[in-house]
Amino acid sequence: MEPLKHECGVALIRLLKPLEYYQQKYGTWMYGLNKLYLMMEKQHNRGQEGAGIASVKLGGEPGKEYMYREKAEGSNAITTIFCNVQKKFRDLSPHELQDVDFVKSNLPFAGELYMGHLRYSTTGKSGLTYVHPFLRRNNWRAKNLCLCGNFNMTNIGDIFSKLTRQGQSPRIYSDSYIMLELLGHRLDREVERNFVIAKDKGLQDQAITRFIEDNVDMSNVLKTSMDDFDGGYVVCGLTGSGEMFAMRDPWGIRPAFYFINDEIAVLASERPVLQTTFDLKCEDIKELEPGQSLIVNKHGECNLKQIIERKGDAACSFERIYFSRGCDKDIYNERKQLGEQLTSQILEAVHYDTAHTVFSFIPNTAEVAFYGMLSGFKHFINEQKVKKLEALGKLPSHEELMELLDDYVRSEKVAWKDIKLRTFITEGNSRNDLASHVYDITYGSITPNVDNLVIIDDSIVRGTTLKESIFRILDRLSPKKIVIVSSAPQIRYPDYYGIDMPRLEEFCVFRATIELLKDRGMYQLIEDTYHKCKDEILKKDGELRNYVQEIYKPFTPQEINAKIIEMLRPEGMKSPVELVFQSIEGLHKAIPNHKGDWYFTGNYPTSGGVRLCNQAFVNYIEKRYQYEHKF
């Protein structure tokens, strides 16, 4: 119910034929540019704070630009970018636009390599400066590097220290810029390695340049750079000499899908993006393996290289629950199963009274799980009908059949997203009052004081929207009972691999657990956990344990659920409320191939994640201590 700032989206296109080929076959040399636009629009769900594109033109003449970039901020960034690009072609005649030789010599973005990025900030940093792609310029084409990615690194301080030891001085302290500088530094060394070889061969002047560009090995650059990083990532890049690459982290945390034929090599963050944009079958598309890189060299030769040995199997399960679009075949079925396998828990919550229960969902991202939930209840009701028929022991009468058939799953569109609360409204009372009207309800959709109301969501994170809006507005319908269902398990731990939720106190589950510990006088556990976490963050990588897990051990999920309701229930609310969460076992049953569950279990795949989680608990305790002793 509360939107998360989360995963970024990437798009790569390498045209493997000359521009003339696409002009003749598809009627336009803009084939690649147009496909880039489609790929980015179909990943708009992954980034609405900003976007950027880059392009490289092969075989450019000295003195003319060959590497282009366009960036914009805001939810309309994609439209802004491509409108700005099209403006550059506005004054050309139709003949000039179809003259490929003229286009290649004179027009920007008339290239063979294209890269796009959609941004959601994972650090809170904003401004065009932080919008991808990032560009590192040099007079040597092969040393120009343009970089973008879907990533968040947990050890950026260590990388920064390494760069400064080498004598570098990065202009900005962010994982994006520091990665650009590290990769750029290694690219410089790779170019210089080939320069020495060229000189040893007796080559001179432009012959040296051609040798370098023909022999740059991006796998060398990646192997000497990426092993230092701890985090989840898909890093994409272009060089001025025509190299294109994309690399996935060795734990497989962040996703990347690619397709290659004799015309194109393309990559995106989600499989359906490639299916729809290029009219492909599901089986045509491959997933980049953990630690693997797709590299396309200047000559269009495509290779898969294992840059780092696979370190784990931690593909992000939240990608499947929430981030990725539900039109992927497998994700659609997984989300349905997440909803369906909650049937027994919901039945217990409504005391098996399906005749007086109405089902609905909030928000739209929970719609597929809602269909799965309905499917589960249809199976249950059909089983009940069969049992009733068998119990009759005779051929049923017309009235008896009608009575049985009238037993069905009741679903309604109960809640509607009505307004967006504007950020300029900051005054407490005004904001709270307006927040209660973010959603509206369908009056008369349930029978007051008779019907239970079951609302399914894909996840419950902070609980803010429940407290400020959902509970208040649903209570107006006067249901017999409200059951809030989460198709995801309880979110207990921060993410450090791409989502903007780094603080423990943001999670309603964590806050409820702390309150339970206080209610039961278990202050010693809080203090012991603090000291253990503080000691743990001083240890070396590979030796770390997540001590935050210990605060949850004294309580069952049901006890925490009850405390969450107590804390979130607004004053004056009359309807009883119950929470139902997915279990960890249910999560892995529905999504067996994506085992990254650290949000729910605290089992981080990397040392950096464990360290930062322990640090988050230390920060929480110390911040709370300072606040309580301020006055």
# chains A, B, ... in the order shown; residues from 1 in each chain; ligands from 1
>>> residues_around(residues="Phe600 of chain A", least_positions_apart="3", cutoff="8 Å", atoms="only C-alpha atoms", output="short mmCIF file (atom, residue, chain, number, x, y, z; two decimals) with N, CA, C and O atoms, in the first residue's frame")
data_model
loop_
_atom_site.label_atom_id
_atom_site.label_comp_id
_atom_site.auth_asym_id
_atom_site.auth_seq_id
_atom_site.Cartn_x
_atom_site.Cartn_y
_atom_site.Cartn_z
N PRO A 489 5.93 -12.26 3.17
CA PRO A 489 6.12 -12.42 4.61
C PRO A 489 6.38 -11.08 5.29
O PRO A 489 6.51 -10.05 4.64
N GLN A 490 6.48 -11.12 6.61
CA GLN A 490 6.81 -9.92 7.37
C GLN A 490 8.17 -9.37 6.95
O GLN A 490 9.16 -10.10 6.95
N ILE A 491 8.21 -8.09 6.58
CA ILE A 491 9.49 -7.46 6.23
C ILE A 491 10.13 -6.97 7.52
O ILE A 491 9.66 -6.04 8.16
N ARG A 492 11.25 -7.62 7.88
CA ARG A 492 11.88 -7.37 9.18
C ARG A 492 13.22 -6.66 9.07
O ARG A 492 13.71 -6.12 10.06
N TYR A 493 13.85 -6.71 7.89
CA TYR A 493 15.24 -6.26 7.77
C TYR A 493 15.40 -5.30 6.59
O TYR A 493 14.71 -5.43 5.58
N ILE A 584 7.45 -17.85 5.39
CA ILE A 584 8.71 -18.03 4.66
C ILE A 584 8.63 -19.30 3.81
O ILE A 584 9.08 -19.34 2.66
N ASP A 597 16.00 -13.91 0.22
CA ASP A 597 14.89 -13.60 1.13
C ASP A 597 15.32 -12.76 2.33
O ASP A 597 14.69 -12.78 3.38
#
>>> residues_around(residues="Ile260 of chain A", least_positions_apart="5", cutoff="9 Å", atoms="only C-alpha atoms", output="number ranges by chain")
A: 265-267, 284-285, 302
>>> write_last_selection(atoms="all heavy atoms", output="mmCIF file, in the first residue's frame")
data_model
loop_
_atom_site.group_PDB
_atom_site.id
_atom_site.type_symbol
_atom_site.label_atom_id
_atom_site.label_comp_id
_atom_site.auth_asym_id
_atom_site.auth_seq_id
_atom_site.Cartn_x
_atom_site.Cartn_y
_atom_site.Cartn_z
ATOM 1 N N ALA A 265 21.943 -7.455 -30.535
ATOM 2 C CA ALA A 265 22.203 -8.008 -29.205
ATOM 3 C C ALA A 265 21.566 -7.033 -28.230
ATOM 4 O O ALA A 265 21.904 -5.842 -28.220
ATOM 5 C CB ALA A 265 23.697 -8.142 -28.941
ATOM 6 N N VAL A 266 20.610 -7.508 -27.409
ATOM 7 C CA VAL A 266 19.847 -6.613 -26.538
ATOM 8 C C VAL A 266 19.776 -7.192 -25.136
ATOM 9 O O VAL A 266 19.824 -8.412 -24.943
ATOM 10 C CB VAL A 266 18.414 -6.371 -27.081
ATOM 11 C CG1 VAL A 266 18.465 -5.601 -28.384
ATOM 12 C CG2 VAL A 266 17.678 -7.691 -27.290
ATOM 13 N N LEU A 267 19.647 -6.288 -24.158
ATOM 14 C CA LEU A 267 19.563 -6.705 -22.756
ATOM 15 C C LEU A 267 18.644 -5.749 -22.006
ATOM 16 O O LEU A 267 18.618 -4.546 -22.292
ATOM 17 C CB LEU A 267 20.957 -6.701 -22.128
ATOM 18 C CG LEU A 267 21.047 -7.097 -20.654
ATOM 19 C CD1 LEU A 267 22.246 -8.021 -20.419
ATOM 20 C CD2 LEU A 267 21.150 -5.863 -19.752
ATOM 21 N N ASP A 284 13.115 -17.810 -26.216
ATOM 22 C CA ASP A 284 14.166 -17.169 -27.009
ATOM 23 C C ASP A 284 15.127 -16.368 -26.128
ATOM 24 O O ASP A 284 16.259 -16.093 -26.534
ATOM 25 C CB ASP A 284 13.553 -16.206 -28.035
ATOM 26 C CG ASP A 284 12.727 -16.921 -29.091
ATOM 27 O OD1 ASP A 284 13.029 -18.093 -29.370
ATOM 28 O OD2 ASP A 284 11.791 -16.299 -29.628
ATOM 29 N N ILE A 285 14.661 -15.988 -24.945
ATOM 30 C CA ILE A 285 15.399 -15.041 -24.097
ATOM 31 C C ILE A 285 16.146 -15.794 -23.010
ATOM 32 O O ILE A 285 15.618 -16.718 -22.384
ATOM 33 C CB ILE A 285 14.419 -14.022 -23.489
ATOM 34 C CG1 ILE A 285 13.739 -13.236 -24.614
ATOM 35 C CG2 ILE A 285 15.132 -13.084 -22.541
ATOM 36 C CD1 ILE A 285 12.521 -12.485 -24.177
ATOM 37 N N CYS A 302 29.799 -11.245 -30.242
ATOM 38 C CA CYS A 302 29.147 -11.356 -28.932
ATOM 39 C C CYS A 302 29.724 -12.534 -28.157
ATOM 40 O O CYS A 302 29.831 -13.649 -28.694
ATOM 41 C CB CYS A 302 27.648 -11.549 -29.095
ATOM 42 S SG CYS A 302 26.831 -10.267 -30.083
#
>>> select_by_dssp(residues="segment 370-481 of chain A", states="strand (DSSP E)", output="mmCIF file with N, CA, C and O atoms, in the first residue's frame")
data_model
loop_
_atom_site.group_PDB
_atom_site.id
_atom_site.type_symbol
_atom_site.label_atom_id
_atom_site.label_comp_id
_atom_site.auth_asym_id
_atom_site.auth_seq_id
_atom_site.Cartn_x
_atom_site.Cartn_y
_atom_site.Cartn_z
ATOM 1 N N ARG A 410 -17.373 -13.818 -3.162
ATOM 2 C CA ARG A 410 -17.833 -12.441 -3.372
ATOM 3 C C ARG A 410 -16.633 -11.504 -3.433
ATOM 4 O O ARG A 410 -15.895 -11.366 -2.471
ATOM 5 N N SER A 411 -16.433 -10.873 -4.571
ATOM 6 C CA SER A 411 -15.332 -9.916 -4.713
ATOM 7 C C SER A 411 -15.880 -8.590 -5.208
ATOM 8 O O SER A 411 -16.802 -8.553 -6.035
ATOM 9 N N ALA A 415 -11.865 -0.353 -2.620
ATOM 10 C CA ALA A 415 -11.065 0.855 -2.378
ATOM 11 C C ALA A 415 -10.488 1.392 -3.681
ATOM 12 O O ALA A 415 -10.121 0.629 -4.579
ATOM 13 N N TRP A 416 -10.418 2.713 -3.768
ATOM 14 C CA TRP A 416 -9.897 3.403 -4.957
ATOM 15 C C TRP A 416 -8.842 4.410 -4.535
ATOM 16 O O TRP A 416 -9.024 5.121 -3.543
ATOM 17 N N LYS A 417 -7.742 4.449 -5.265
ATOM 18 C CA LYS A 417 -6.739 5.496 -5.024
ATOM 19 C C LYS A 417 -7.325 6.793 -5.559
ATOM 20 O O LYS A 417 -7.575 6.937 -6.759
ATOM 21 N N TYR A 439 -7.339 7.339 -0.191
ATOM 22 C CA TYR A 439 -8.192 6.324 -0.796
ATOM 23 C C TYR A 439 -9.654 6.676 -0.571
ATOM 24 O O TYR A 439 -10.009 7.347 0.400
ATOM 25 N N ASP A 440 -10.494 6.199 -1.475
ATOM 26 C CA ASP A 440 -11.939 6.308 -1.286
ATOM 27 C C ASP A 440 -12.518 4.907 -1.381
ATOM 28 O O ASP A 440 -11.846 3.963 -1.808
ATOM 29 N N ILE A 441 -13.773 4.765 -0.972
ATOM 30 C CA ILE A 441 -14.396 3.445 -0.918
ATOM 31 C C ILE A 441 -15.653 3.410 -1.774
ATOM 32 O O ILE A 441 -16.232 4.448 -2.108
ATOM 33 N N ASN A 452 -17.564 -9.772 6.496
ATOM 34 C CA ASN A 452 -16.134 -9.578 6.689
ATOM 35 C C ASN A 452 -15.549 -8.958 5.421
ATOM 36 O O ASN A 452 -16.043 -9.191 4.316
ATOM 37 N N LEU A 453 -14.487 -8.202 5.574
ATOM 38 C CA LEU A 453 -13.819 -7.595 4.423
ATOM 39 C C LEU A 453 -12.360 -8.039 4.420
ATOM 40 O O LEU A 453 -11.609 -7.764 5.355
ATOM 41 N N VAL A 454 -11.956 -8.735 3.350
ATOM 42 C CA VAL A 454 -10.586 -9.212 3.202
ATOM 43 C C VAL A 454 -9.902 -8.400 2.112
ATOM 44 O O VAL A 454 -10.364 -8.363 0.966
ATOM 45 N N ILE A 455 -8.813 -7.725 2.473
ATOM 46 C CA ILE A 455 -8.054 -6.897 1.533
ATOM 47 C C ILE A 455 -6.647 -7.466 1.405
ATOM 48 O O ILE A 455 -5.942 -7.604 2.405
ATOM 49 N N ILE A 456 -6.226 -7.789 0.183
ATOM 50 C CA ILE A 456 -4.885 -8.319 -0.016
ATOM 51 C C ILE A 456 -3.970 -7.242 -0.589
ATOM 52 O O ILE A 456 -4.373 -6.433 -1.421
ATOM 53 N N ASP A 457 -2.734 -7.233 -0.090
ATOM 54 C CA ASP A 457 -1.688 -6.328 -0.553
ATOM 55 C C ASP A 457 -0.479 -7.178 -0.900
ATOM 56 O O ASP A 457 -0.360 -8.327 -0.439
ATOM 57 N N LYS A 481 -15.556 -7.525 10.296
ATOM 58 C CA LYS A 481 -14.139 -7.682 10.588
ATOM 59 C C LYS A 481 -13.339 -7.316 9.349
ATOM 60 O O LYS A 481 -13.769 -7.593 8.228
#
>>> closest_atom_pairs(of="segment 27-70 of chain A", to="segment 140-163 of chain A", cutoff="10 Å", atoms="only C-alpha atoms", output="CSV")
residue,atom,partner,partner_atom,distance
A:Arg46,CA,A:Asn150,CA,9.7
A:Gly52,CA,A:Cys148,CA,9.0
A:Ile53,CA,A:Cys148,CA,9.3
A:Ala54,CA,A:Cys146,CA,7.5
A:Ser55,CA,A:Cys146,CA,9.1
A:Val56,CA,A:Cys146,CA,9.5
A:Gly60,CA,A:Arg141,CA,9.7
A:Pro62,CA,A:Arg141,CA,9.7
A:Tyr66,CA,A:Arg141,CA,8.8
A:Met67,CA,A:Asn144,CA,8.5
A:Tyr68,CA,A:Cys146,CA,9.5
A:Arg69,CA,A:Cys146,CA,8.8
>>> write_last_selection(atoms="N, CA and C atoms", output="PDB file, in the first residue's frame")
ATOM      1  N   ARG A  46      10.106   0.734 -13.140  1.00  0.00           N
ATOM      2  CA  ARG A  46      11.335   0.553 -12.375  1.00  0.00           C
ATOM      3  C   ARG A  46      12.030   1.867 -12.025  1.00  0.00           C
ATOM      4  N   GLY A  52      17.955   8.431 -18.564  1.00  0.00           N
ATOM      5  CA  GLY A  52      19.019   8.895 -19.438  1.00  0.00           C
ATOM      6  C   GLY A  52      19.295   7.890 -20.527  1.00  0.00           C
ATOM      7  N   ILE A  53      19.837   8.371 -21.641  1.00  0.00           N
ATOM      8  CA  ILE A  53      20.229   7.485 -22.730  1.00  0.00           C
ATOM      9  C   ILE A  53      21.617   7.896 -23.214  1.00  0.00           C
ATOM     10  N   ALA A  54      22.279   6.968 -23.877  1.00  0.00           N
ATOM     11  CA  ALA A  54      23.579   7.238 -24.486  1.00  0.00           C
ATOM     12  C   ALA A  54      23.660   6.460 -25.791  1.00  0.00           C
ATOM     13  N   SER A  55      24.502   6.955 -26.688  1.00  0.00           N
ATOM     14  CA  SER A  55      24.682   6.288 -27.977  1.00  0.00           C
ATOM     15  C   SER A  55      26.119   6.482 -28.442  1.00  0.00           C
ATOM     16  N   VAL A  56      26.630   5.476 -29.142  1.00  0.00           N
ATOM     17  CA  VAL A  56      27.965   5.551 -29.729  1.00  0.00           C
ATOM     18  C   VAL A  56      27.863   5.286 -31.221  1.00  0.00           C
ATOM     19  N   GLY A  60      33.524   7.077 -36.405  1.00  0.00           N
ATOM     20  CA  GLY A  60      33.436   8.530 -36.490  1.00  0.00           C
ATOM     21  C   GLY A  60      34.763   9.166 -36.874  1.00  0.00           C
ATOM     22  N   PRO A  62      37.728  12.030 -36.742  1.00  0.00           N
ATOM     23  CA  PRO A  62      38.281  12.946 -35.727  1.00  0.00           C
ATOM     24  C   PRO A  62      37.722  14.356 -35.919  1.00  0.00           C
ATOM     25  N   TYR A  66      31.125  11.465 -31.476  1.00  0.00           N
ATOM     26  CA  TYR A  66      30.748  10.076 -31.742  1.00  0.00           C
ATOM     27  C   TYR A  66      30.073   9.423 -30.533  1.00  0.00           C
ATOM     28  N   MET A  67      30.003  10.157 -29.424  1.00  0.00           N
ATOM     29  CA  MET A  67      29.407   9.615 -28.198  1.00  0.00           C
ATOM     30  C   MET A  67      28.408  10.628 -27.658  1.00  0.00           C
ATOM     31  N   TYR A  68      27.160  10.224 -27.522  1.00  0.00           N
ATOM     32  CA  TYR A  68      26.083  11.152 -27.182  1.00  0.00           C
ATOM     33  C   TYR A  68      25.377  10.713 -25.911  1.00  0.00           C
ATOM     34  N   ARG A  69      24.843  11.706 -25.207  1.00  0.00           N
ATOM     35  CA  ARG A  69      24.123  11.419 -23.969  1.00  0.00           C
ATOM     36  C   ARG A  69      23.017  12.445 -23.784  1.00  0.00           C
TER      37      ARG A  69
END
>>> select_by_dssp(residues="segment 490-612 of chain A", states="helix (DSSP H, G or I)", output="VMD selection string")
chain A and resid 504 to 506 508 to 519 523 to 536 547 to 552 557 to 568 584 to 590 598 to 601 607 to 612
>>> atom_distance(atom1="atom CA of Ile13 of chain A", atom2="atom CA of Val85 of chain A")
17.0 Å
>>> closest_residue(among="A:Glu622, A:Glu506, A:Asp475, A:Glu559", to="Pro576 of chain A", atoms="only C-alpha atoms")
A:Asp475
>>> closest_residue(among="A:Leu97, A:Val221, A:Leu401, A:Leu238", to="Arg136 of chain A", atoms="only C-alpha atoms")
A:Leu238
>>> atom_distance(atom1="atom CA of Gln48 of chain A", atom2="atom CA of Leu118 of chain A")
6.9 Å
>>> atom_distance(atom1="atom CA of Ile81 of chain A", atom2="atom CA of Leu113 of chain A")
16.9 Å
>>> residues_around(residues="Glu289 of chain A", least_positions_apart="5", cutoff="9 Å", atoms="only C-alpha atoms", output="list of chain:residue names")
A:Met247, A:Arg248, A:Asp249, A:Pro250, A:Gly252, A:Pro255, A:Ala256, A:Gln306, A:Arg310
>>> residues_around(residues="Asp541 of chain A", least_positions_apart="5", cutoff="10 Å", atoms="only C-alpha atoms", output="MDAnalysis selection string")
chainID A and resid 606:608 610:611
>>> residues_around(residues="Thr28 of chain A", least_positions_apart="4", cutoff="9 Å", atoms="only C-alpha atoms", output="PyMOL selection string")
chain A and resi 19-20+22-24+97-98
>>> closest_residue(among="A:Gln206, A:Asn382, A:Thr354, A:Ser445", to="Leu477 of chain A", atoms="only C-alpha atoms")
A:Ser445
>>> closest_residue(among="A:Asn619, A:Gln204, A:Leu612, A:Phe581", to="Gly231 of chain A", atoms="only C-alpha atoms")
A:Leu612
>>> closest_residue(among="A:Ser269, A:Asn261, A:Gln166, A:Gln292", to="Val10 of chain A", atoms="only C-alpha atoms")
A:Ser269
>>> residues_around(residues="Lys388 of chain A", least_positions_apart="5", cutoff="10 Å", atoms="only C-alpha atoms", output="list in words")
Asn382, Glu383, Gly393, Glu400 and Leu404 of chain A
